[in-house]
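Colleague: My questions will all concern the structure given below.
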Amino acid sequence: MQAMPTDVTPGLQIRELTCSRGERLLFEGLSFAITPGTGLHVIGPNGSGKTTLLRTLCGLGAPDGGRILWQGADTREYRPEFLRQVAFVGHAHGVKEDLTLFENLAFARALAVPADPYRPRDALARVGLAGFEEELAGTLSAGQRRRLALARLLVIRATVWILDEPFNALDGDGIEAVEALIAAHLAHGGLVVLTSHQPLQSLRDRVDQLRLAS
Amino acid sequence: MSDRGGTLQACVALLKRDVTLVYRRGGDWINPLLFFLIIITLFPLGVGPGAETLARIGPGVIWVAALLATLLALENLFRSDFQDGSLEQMLMSHHPLPLLMMAKVFAHWLTTALPVVALAPFMALMMQMPAEVIPVLVAGLLLGTPTLSMVGAIGTALTVGLSRGGVLLALLVLPLYVPVLIFGTRAVDLASSGLPAAPSLYLLGSMLVLALALAPLAIVAALRISLE
């Protein structure tokens, strides 16, 4: 295995990224950088390519052109090294209905780089799911499932959080809790890329905006 | 390297998770088994209970039923993980995906194909097959069904994004099942005429090795296409 280049630009750099969906061009020549400790709030109307951008960043979709660099290294060349650092919560949040909340978290840890120490009870409490630990996730409401998906972020060790509409289906308390999680992550030098139709409340001054045109 | 241990742990966790899920849902493993049972039961009813006829068509019937039961079970291999986003999470793991997917297919084989193999001796007796060919039948199924699961998994991975993939899956996968079917039934036929069945079993074994080597890569490539 090759070592990652050492003279690095920290963070995530996007260079001349072009994505399309079917025949339709979503964006072209998109370039930006996110440094540790900062967040990026991607905004734009429906169909402007927010989700496609996020999925491309996590390597779930291939761009038509351009490069994504993590610490100066192309993420397609150093895919596993990059993926170690990334956590993604998408529209379909990957919560398994027939597993308990604890089992869901334990499996998320097995797939990713586990956070040390493991405090699943703590993680669930921070997203307001204390007391549901041994319930099946299928008994949770849509908002609670999203909270569980976000609790996953706390039991793994990922630097880059990519969150597609993390506030969807959340109530006021939930939105506050998630903003607090994101703020704490940024304070620890993490990176966050998120989409949201709601304006951010407490995070506003710590997060840059990227507007995609339709 | 500690990471290799992590990969093994991830595979074991995935295996446990999938087995747990199948048993919590029940229908996933019971349906293919019942399907296998009913298909075979239809034959004595359809062609009459004549011992000679049944014994002659027995190996073919059991193999075709096993093959269709595998195919029926395959639908569930990736579908629910695809729908709830778990599959995305797996594809985003830094662990080697071919190994993770092997764990997944192995869990699927354990829960859906192994019960069928375990039931096969009783079905063979019902089909009036001589008792001495049953070990050959079981050995053939043990060597052949993992190949069926892996080849089927490639087709399932390709069709998981389609809303009605069922028939397409059958059309894609069944032709690829033909070699396994041929050598599986051939082994039993040889054994029942008193000839050595080993060559056919060896061929089934070599197909299994080939599938083990190539199917994981094909499954991962197919999943990437489906999820894009």
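Ordered as shown in the structure tokens, chains take letters A, B, and onward, while each chain numbers its residues from 1 and ligands are numbered from 1 in the order shown.
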Residues within 10 Å of Trp63 in chain B, please, as a PyMOL selection string. Count only C-alpha atoms; anything in the same chain fewer than 5 positions from it doesn't count.
Modeller: chain B and resi 36+40+58+68-69+120+137+140-141+144-145+180-182+184-185
Colleague: Skip range 11-26 of chain B itself and residues of its chain fewer than 5 positions away, then list as a PyMOL selection string all residues within 10 Å of it, counting only C-alpha atoms.
Modeller: (chain A and resi 96-99+103-104+106-111) or (chain B and resi 5-6+31+76-77+90+95-97+99-112)
Colleague: So, counting only C-alpha atoms, which residue among A:Leu69, A:Ile162, A:Ala125, A:Leu25 is closest to chain B?
Modeller: A:Ile162
Colleague: Find the nearest atom pair between each residue of chain A and chain B for residues within 8 Å, count only C-alpha atoms, give distances in Å to one decimal, sort rows by chain and ascending number, and present the table as CSV.
Modeller:
residue,atom,partner,partner_atom,distance
A:Cys58,CA,B:Met92,CA,7.3
A:Gly59,CA,B:Met92,CA,7.6
A:Leu60,CA,B:Glu228,CA,6.2
A:Gly61,CA,B:Glu228,CA,4.9
A:Ala62,CA,B:Glu228,CA,7.5
A:Arg79,CA,B:His94,CA,7.6
A:Pro80,CA,B:His94,CA,4.5
A:Glu81,CA,B:His94,CA,7.0
A:Phe82,CA,B:His94,CA,7.9
A:Leu83,CA,B:His94,CA,5.2
A:Arg84,CA,B:His94,CA,5.4
A:Phe88,CA,B:Gln89,CA,7.4
A:Gly90,CA,B:Gly85,CA,7.5
A:His91,CA,B:Gly85,CA,7.9
A:Ala92,CA,B:Gly85,CA,4.6
A:His93,CA,B:Gly85,CA,5.4
A:Gly94,CA,B:Ser86,CA,4.0
A:Val95,CA,B:Asp84,CA,6.6
A:Lys96,CA,B:Asp84,CA,7.1
A:Asp98,CA,B:Leu21,CA,6.3
A:Leu99,CA,B:Leu21,CA,7.3
A:Phe107,CA,B:Ala13,CA,6.5
A:Ala110,CA,B:Ala10,CA,4.8
A:Leu111,CA,B:Ser93,CA,5.5
A:Ala112,CA,B:Ser93,CA,5.8
Colleague: Expressed in Å to a single decimal, how great is the separation between CA of Leu54 in chain A and CA of Leu124 in chain A?
Modeller: 25.3 Å
Colleague: Write out as number ranges by chain which residues come within 12 Å of Leu172 in chain B when counting only C-alpha atoms, dropping same-chain ones fewer than 6 positions away.
Modeller: B: 71, 151-159, 165-166, 178
Colleague: Among the residues of range 18-159 of chain A, find those DSSP assigns to strand (DSSP E) from the backbone and print them as a PyMOL selection string.
Modeller: chain A and resi 18-21+24-34+39-43+65-70+73-74+86-89
Colleague: Can you list, as an MDAnalysis selection string, every protein, DNA or RNA residue that comes within 8 Å of Leu101 in chain A when you count only C-alpha atoms, leaving out same-chain residues fewer than 2 positions away?
Modeller: chainID A and resid 99 103:105 132:137 148
